[in-house]
>>> print(open('run_1.cif').read())   # mmCIF, C-alpha atoms
data_my_file
loop_
_atom_site.label_atom_id
_atom_site.label_comp_id
_atom_site.auth_asym_id
_atom_site.auth_seq_id
_atom_site.Cartn_x
_atom_site.Cartn_y
_atom_site.Cartn_z
CA LYS A 1 1.50 -19.80 -7.83
CA GLU A 2 1.21 -17.69 -10.95
CA LYS A 3 3.30 -14.94 -9.32
CA ASP A 4 5.71 -17.33 -7.56
CA ILE A 5 4.68 -16.17 -4.09
CA SER A 6 4.72 -18.68 -1.25
CA PRO A 7 3.59 -18.48 2.40
CA GLU A 8 7.24 -18.23 3.49
CA ASP A 9 7.72 -15.00 1.56
CA PHE A 10 7.39 -11.57 3.15
CA VAL A 11 5.25 -9.69 0.65
CA ILE A 12 5.22 -5.92 0.51
CA ASN A 13 2.41 -4.42 -1.54
CA PHE A 14 2.15 -1.04 -3.21
CA THR A 15 -1.10 -0.14 -4.89
CA GLY A 16 -1.05 3.16 -6.70
CA GLU A 17 0.19 4.82 -9.86
CA TYR A 18 3.51 5.09 -11.66
CA THR A 19 3.68 8.85 -12.16
CA ARG A 20 0.85 10.63 -10.34
CA LEU A 21 1.12 10.98 -6.55
CA GLY A 22 4.91 10.54 -6.58
CA ALA A 23 5.52 7.32 -4.64
CA ILE A 24 7.02 4.73 -6.98
CA ASP A 25 10.64 5.90 -6.73
CA THR A 26 10.47 5.82 -2.92
CA VAL A 27 8.91 2.34 -3.00
CA ILE A 28 11.53 0.95 -5.40
CA GLU A 29 14.49 2.51 -3.57
CA SER A 30 13.18 1.14 -0.28
CA PHE A 31 12.52 -2.34 -1.69
CA ILE A 32 16.07 -2.57 -3.05
CA LYS A 33 17.41 -1.80 0.46
CA VAL A 34 14.95 -4.05 2.27
CA SER A 35 15.40 -7.01 -0.06
CA ALA A 36 19.10 -7.09 0.87
CA GLN A 37 18.06 -7.66 4.51
CA ILE A 38 15.01 -9.85 4.05
CA PRO A 39 15.97 -12.91 1.98
CA ARG A 40 12.35 -13.83 1.18
CA ALA A 41 11.08 -10.31 0.49
CA LYS A 42 8.79 -9.93 -2.48
CA LEU A 43 7.22 -6.77 -3.88
CA SER A 44 3.71 -6.71 -5.27
CA LEU A 45 3.06 -3.75 -7.56
CA ALA A 46 -0.63 -3.25 -8.27
CA VAL A 47 0.08 -0.08 -10.20
CA ARG A 48 -2.08 1.24 -13.00
CA ILE A 49 -0.74 2.16 -16.41
CA LYS A 50 -3.07 4.92 -17.55
CA ASN A 51 -0.98 6.67 -20.18
CA GLN A 52 2.35 6.74 -22.01
CA LYS A 53 4.05 8.50 -19.10
CA ASP A 54 3.10 5.57 -16.84
CA ALA A 55 4.30 3.04 -19.43
CA ASP A 56 7.64 4.83 -19.70
CA LYS A 57 7.96 4.97 -15.90
CA LYS A 58 7.27 1.24 -15.65
CA LYS A 59 10.13 0.60 -18.09
CA GLU A 60 12.40 2.74 -15.91
CA VAL A 61 11.28 0.83 -12.79
CA VAL A 62 11.89 -2.55 -14.47
CA ARG A 63 15.36 -1.39 -15.58
CA LYS A 64 16.25 -0.25 -12.04
CA LEU A 65 14.99 -3.50 -10.48
CA LYS A 66 16.93 -5.53 -13.04
CA GLU A 67 20.14 -3.51 -12.48
CA ASN A 68 19.85 -4.21 -8.76
CA GLY A 69 19.18 -7.92 -9.23
CA VAL A 70 15.70 -7.96 -7.70
CA LEU A 71 13.36 -7.99 -10.71
CA ASP A 72 12.63 -11.69 -10.13
CA ARG A 73 11.27 -10.76 -6.68
CA VAL A 74 8.64 -8.36 -8.04
CA SER A 75 5.12 -9.20 -9.22
CA PHE A 76 3.26 -6.77 -11.46
CA PHE A 77 -0.53 -6.56 -11.27
CA ASP A 78 -1.12 -3.93 -13.92
CA ASN A 79 -3.11 -5.45 -16.74
CA GLY A 80 -6.51 -4.79 -15.16
CA SER A 81 -7.50 -8.47 -15.03
CA TYR A 82 -6.96 -8.95 -11.30
CA LYS A 83 -9.23 -8.47 -8.30
CA MET A 84 -7.75 -6.47 -5.46
CA ALA A 85 -8.80 -8.56 -2.43
CA PRO A 86 -6.53 -11.49 -3.43
CA VAL A 87 -3.67 -9.04 -4.10
CA TYR A 88 -4.03 -7.51 -0.63
CA ASN A 89 -4.41 -10.92 0.96
CA LEU A 90 -1.10 -12.05 -0.57
CA CYS A 91 0.79 -9.35 1.28
CA ASP A 92 2.09 -8.94 4.80
CA VAL A 93 2.18 -5.15 4.71
CA SER A 94 0.78 -2.54 2.33
CA LEU A 95 2.31 0.81 1.39
CA PHE A 96 0.93 4.16 0.34
CA PRO A 97 3.88 6.55 0.75
CA VAL A 98 2.63 9.17 -1.70
CA GLU A 99 4.20 12.61 -1.93
CA ASN A 100 1.03 14.43 -2.95
CA MET A 101 -2.64 13.89 -3.71
CA LYS A 102 -2.74 16.00 -6.89
CA GLY A 103 -5.70 15.06 -9.01
CA LYS A 104 -7.01 12.63 -6.37
CA PHE A 105 -10.47 13.80 -5.35
CA ASP A 106 -11.76 10.69 -3.62
CA ILE A 107 -10.62 8.54 -0.73
CA PRO A 108 -7.65 6.41 -1.76
CA LEU A 109 -9.21 2.97 -1.74
CA ALA A 110 -5.70 1.46 -1.75
CA VAL A 111 -5.55 2.43 1.92
CA VAL A 112 -9.04 1.45 3.03
CA GLU A 113 -9.18 -1.83 1.10
CA ALA A 114 -5.83 -3.04 2.41
CA MET A 115 -6.87 -2.17 5.95
CA ALA A 116 -10.17 -4.02 5.46
CA CYS A 117 -8.04 -7.09 4.58
CA GLU A 118 -6.25 -6.75 7.97
CA LYS A 119 -3.04 -5.36 6.50
CA PRO A 120 -1.00 -2.81 8.41
CA MET A 121 -0.33 0.30 6.35
CA ILE A 122 2.76 2.42 5.96
CA LEU A 123 1.69 5.86 4.80
CA SER A 124 3.26 9.22 4.18
CA ASP A 125 2.53 12.09 6.51
CA LEU A 126 0.05 13.93 4.30
CA PRO A 127 -2.76 15.36 6.48
CA ILE A 128 -5.53 13.67 4.44
CA LEU A 129 -3.96 10.23 4.96
CA LYS A 130 -3.80 10.73 8.72
CA GLU A 131 -7.58 11.05 8.66
CA LEU A 132 -7.90 7.59 7.11
CA THR A 133 -5.90 5.70 9.72
CA SER A 134 -5.00 5.50 13.36
CA PRO A 135 -1.64 5.16 15.13
CA THR A 136 -2.56 1.60 16.13
CA SER A 137 -3.27 0.50 12.54
CA SER A 138 -0.61 2.31 10.54
CA VAL A 139 2.90 3.67 10.49
CA ILE A 140 3.29 7.24 9.30
CA ILE A 141 6.57 8.26 7.63
CA PRO A 142 7.79 11.54 6.11
CA LYS A 143 6.82 11.78 2.43
CA GLY A 144 9.58 10.87 0.00
CA ASP A 145 11.73 9.30 2.73
CA ALA A 146 12.89 5.90 1.43
CA GLU A 147 15.07 5.37 4.50
CA ALA A 148 12.11 5.83 6.86
CA LEU A 149 10.03 3.53 4.65
CA SER A 150 12.74 0.86 4.80
CA LYS A 151 12.96 1.14 8.60
CA ALA A 152 9.19 0.85 8.95
CA ILE A 153 9.08 -2.23 6.71
CA LEU A 154 11.95 -3.87 8.59
CA ASP A 155 10.30 -3.10 11.93
CA LEU A 156 7.07 -4.81 10.85
CA TYR A 157 9.03 -7.72 9.37
CA ASN A 158 10.98 -8.22 12.61
CA ASN A 159 7.87 -7.90 14.78
CA PRO A 160 5.21 -10.28 13.44
CA GLU A 161 3.05 -9.86 16.57
CA LYS A 162 3.01 -6.09 16.04
CA ARG A 163 2.20 -6.60 12.36
CA GLU A 164 -0.71 -8.89 13.19
CA ARG A 165 -2.00 -6.59 15.93
CA MET A 166 -1.86 -3.59 13.59
CA GLY A 167 -3.68 -5.54 10.90
CA LYS A 168 -6.50 -6.39 13.29
CA GLU A 169 -6.69 -2.75 14.40
CA ALA A 170 -6.78 -1.68 10.75
CA ARG A 171 -9.76 -3.93 10.09
CA LYS A 172 -11.58 -2.61 13.18
CA PHE A 173 -10.87 0.99 12.17
CA VAL A 174 -12.31 0.44 8.69
CA GLU A 175 -15.38 -1.35 10.05
CA GLN A 176 -16.06 1.57 12.39
CA ARG A 177 -15.32 4.42 9.99
CA PHE A 178 -16.13 3.14 6.51
CA ASP A 179 -18.99 0.66 6.89
CA ILE A 180 -21.72 1.76 4.48
CA LYS A 181 -24.47 1.07 7.03
CA ASN A 182 -22.81 3.30 9.62
CA ILE A 183 -22.27 6.04 7.05
CA ALA A 184 -25.88 5.80 5.87
CA ALA A 185 -27.08 6.14 9.47
CA ILE A 186 -24.96 9.28 9.91
CA TYR A 187 -26.35 10.77 6.70
CA GLN A 188 -29.90 9.95 7.82
CA LYS A 189 -29.35 11.81 11.11
CA ILE A 190 -28.00 14.82 9.21
CA TYR A 191 -30.98 14.82 6.83
CA GLU A 192 -33.40 14.58 9.77
CA ILE A 193 -31.78 17.61 11.37
CA LEU A 194 -32.06 19.63 8.16
#
>>> encode(input="run_1.cif", output="structure tokens")
Amino acid sequence: KEKDISPEDFVINFTGEYTRLGAIDTVIESFIKVSAQIPRAKLSLAVRIKNQKDADKKKEVVRKLKENGVLDRVSFFDNGSYKMAPVYNLCDVSLFPVENMKGKFDIPLAVVEAMACEKPMILSDLPILKELTSPTSSVIIPKGDAEALSKAILDLYNNPEKRERMGKEARKFVEQRFDIKNIAAIYQKIYEIL
């Protein structure tokens, strides 16, 4: 209610950063296109503001959304007071179309957490991201390609059964590959061998 999101809305989520990783411009360009074709499209931006560069980029994003008449369809989760599970559970599809992983030394939890919440992912074609997903749980697009991102979003919007099936596959994939008990058992076997 606080973000004016209803069950009838088609919510697209991007969790990431404003300047690092290079995805926000692709996400915004795509949302502007998609929102013209999906009357109830909403964009959830769970994007961190870590420095002045991020704050300036957010102002640019807000200006662009306003100029294109879609600012009222965007929810910002950037003040650090939100929990991510409810944010993911609000959405129908989650995006991580980053152009690079510069300065990112861990697994992008934005991918794994959304998948754990049964959300299909649309990811860029960076090799590291391919390792975190499967073709049955995610759609891979060329990095920086807003047109491909728009097509992927529209395909999932127009195919709710596919979207649901991919979400279930995403959850299964995460349970198999990222469950802490499974990982601990693998580490134990490695330690026993050493």
>>> resolve_selection(input="run_1.cif", expression="the PyMOL selection byres ((chain A and resi 159-168) around 12)", output="number ranges by chain")
A: 10, 88-89, 91-94, 112-122, 133-139, 152-158, 169-175
>>> residues_around(input="run_1.cif", residues="A:Arg40", least_positions_apart="5", cutoff="12 Å", atoms="only C-alpha atoms", output="PyMOL selection string")
chain A and resi 4-12+31+34-35+70+72-74+92+157
>>> resolve_selection(input="run_1.cif", expression="the PyMOL selection byres ((chain A and resi 18) around 9)", output="ChimeraX atom specification")
/A:16-17,19-25,47-50,53-55,57-58,61
>>> write_last_selection(input="run_1.cif", atoms="C-alpha atoms", output="short mmCIF file (atom, residue, chain, number, x, y, z; two decimals), keeping the file's coordinate frame")
data_model
loop_
_atom_site.label_atom_id
_atom_site.label_comp_id
_atom_site.auth_asym_id
_atom_site.auth_seq_id
_atom_site.Cartn_x
_atom_site.Cartn_y
_atom_site.Cartn_z
CA GLY A 16 -1.05 3.16 -6.70
CA GLU A 17 0.19 4.82 -9.86
CA THR A 19 3.68 8.85 -12.16
CA ARG A 20 0.85 10.63 -10.34
CA LEU A 21 1.12 10.98 -6.55
CA GLY A 22 4.91 10.54 -6.58
CA ALA A 23 5.52 7.32 -4.64
CA ILE A 24 7.02 4.73 -6.98
CA ASP A 25 10.64 5.90 -6.73
CA VAL A 47 0.08 -0.08 -10.20
CA ARG A 48 -2.08 1.24 -13.00
CA ILE A 49 -0.74 2.16 -16.41
CA LYS A 50 -3.07 4.92 -17.55
CA LYS A 53 4.05 8.50 -19.10
CA ASP A 54 3.10 5.57 -16.84
CA ALA A 55 4.30 3.04 -19.43
CA LYS A 57 7.96 4.97 -15.90
CA LYS A 58 7.27 1.24 -15.65
CA VAL A 61 11.28 0.83 -12.79
#
>>> closest_residue(input="run_1.cif", among="A:Lys143, A:Lys83, A:Lys151, A:Lys102", to="A:Ala46", atoms="all atoms listed in the file")
A:Lys83
>>> atom_distance(input="run_1.cif", atom1="atom CA of A:Leu43", atom2="atom CA of A:Thr26")
13.0 Å
>>> build_atoms(input="run_1.cif", residues="stretch 182-193 of chain A", atoms="all heavy atoms", output="compact mmCIF listing (two decimals), keeping the file's coordinate frame")
# COMPACT_ATOMS: atom_id res chain seq x y z
N ASN A 182 -23.09 2.24 8.65
CA ASN A 182 -22.81 3.30 9.62
C ASN A 182 -22.86 4.67 8.95
O ASN A 182 -23.41 5.62 9.50
CB ASN A 182 -21.43 3.10 10.27
CG ASN A 182 -21.37 1.87 11.14
OD1 ASN A 182 -22.39 1.32 11.54
ND2 ASN A 182 -20.17 1.41 11.41
N ILE A 183 -22.28 4.77 7.77
CA ILE A 183 -22.27 6.04 7.05
C ILE A 183 -23.69 6.46 6.67
O ILE A 183 -24.07 7.62 6.81
CB ILE A 183 -21.35 5.95 5.81
CG1 ILE A 183 -19.89 5.79 6.27
CG2 ILE A 183 -21.50 7.17 4.91
CD1 ILE A 183 -18.92 5.44 5.17
N ALA A 184 -24.49 5.50 6.22
CA ALA A 184 -25.88 5.80 5.87
C ALA A 184 -26.65 6.30 7.08
O ALA A 184 -27.44 7.25 6.98
CB ALA A 184 -26.55 4.56 5.27
N ALA A 185 -26.40 5.71 8.24
CA ALA A 185 -27.08 6.14 9.47
C ALA A 185 -26.68 7.57 9.83
O ALA A 185 -27.52 8.38 10.25
CB ALA A 185 -26.77 5.19 10.61
N ILE A 186 -25.43 7.91 9.64
CA ILE A 186 -24.96 9.28 9.91
C ILE A 186 -25.63 10.26 8.96
O ILE A 186 -26.11 11.33 9.38
CB ILE A 186 -23.42 9.36 9.81
CG1 ILE A 186 -22.79 8.56 10.96
CG2 ILE A 186 -22.93 10.80 9.81
CD1 ILE A 186 -21.29 8.32 10.79
N TYR A 187 -25.68 9.91 7.66
CA TYR A 187 -26.35 10.77 6.70
C TYR A 187 -27.82 10.94 7.04
O TYR A 187 -28.38 12.03 6.94
CB TYR A 187 -26.22 10.20 5.28
CG TYR A 187 -24.98 10.62 4.56
CD1 TYR A 187 -23.97 9.72 4.28
CD2 TYR A 187 -24.81 11.94 4.15
CE1 TYR A 187 -22.80 10.10 3.62
CE2 TYR A 187 -23.66 12.34 3.48
CZ TYR A 187 -22.66 11.41 3.22
OH TYR A 187 -21.53 11.80 2.56
N GLN A 188 -28.47 9.86 7.47
CA GLN A 188 -29.90 9.95 7.82
C GLN A 188 -30.09 10.92 8.96
O GLN A 188 -31.01 11.75 8.92
CB GLN A 188 -30.43 8.57 8.19
CG GLN A 188 -31.93 8.59 8.48
CD GLN A 188 -32.50 7.21 8.72
OE1 GLN A 188 -31.84 6.22 8.48
NE2 GLN A 188 -33.73 7.16 9.17
N LYS A 189 -29.23 10.87 9.98
CA LYS A 189 -29.35 11.81 11.11
C LYS A 189 -29.17 13.25 10.64
O LYS A 189 -29.88 14.15 11.09
CB LYS A 189 -28.31 11.46 12.18
CG LYS A 189 -28.64 10.23 12.99
CD LYS A 189 -27.58 9.93 14.01
CE LYS A 189 -27.90 8.61 14.69
NZ LYS A 189 -26.84 8.22 15.63
N ILE A 190 -28.22 13.46 9.74
CA ILE A 190 -28.00 14.82 9.21
C ILE A 190 -29.22 15.29 8.45
O ILE A 190 -29.68 16.43 8.64
CB ILE A 190 -26.74 14.84 8.31
CG1 ILE A 190 -25.48 14.63 9.18
CG2 ILE A 190 -26.65 16.17 7.54
CD1 ILE A 190 -24.22 14.40 8.38
N TYR A 191 -29.79 14.44 7.59
CA TYR A 191 -30.98 14.82 6.83
C TYR A 191 -32.16 15.12 7.75
O TYR A 191 -32.95 16.03 7.50
CB TYR A 191 -31.36 13.73 5.83
CG TYR A 191 -30.41 13.60 4.66
CD1 TYR A 191 -30.01 12.36 4.18
CD2 TYR A 191 -29.92 14.73 4.01
CE1 TYR A 191 -29.15 12.24 3.10
CE2 TYR A 191 -29.05 14.62 2.94
CZ TYR A 191 -28.66 13.38 2.48
OH TYR A 191 -27.82 13.27 1.43
N GLU A 192 -32.30 14.36 8.82
CA GLU A 192 -33.40 14.58 9.77
C GLU A 192 -33.26 15.91 10.47
O GLU A 192 -34.26 16.58 10.77
CB GLU A 192 -33.46 13.43 10.77
CG GLU A 192 -33.98 12.15 10.15
CD GLU A 192 -33.85 10.93 11.07
OE1 GLU A 192 -33.31 11.05 12.19
OE2 GLU A 192 -34.26 9.83 10.65
N ILE A 193 -32.02 16.33 10.73
CA ILE A 193 -31.78 17.61 11.37
C ILE A 193 -32.12 18.77 10.43
O ILE A 193 -32.69 19.78 10.83
CB ILE A 193 -30.30 17.74 11.84
CG1 ILE A 193 -30.05 16.76 12.99
CG2 ILE A 193 -29.96 19.16 12.25
CD1 ILE A 193 -28.59 16.61 13.34
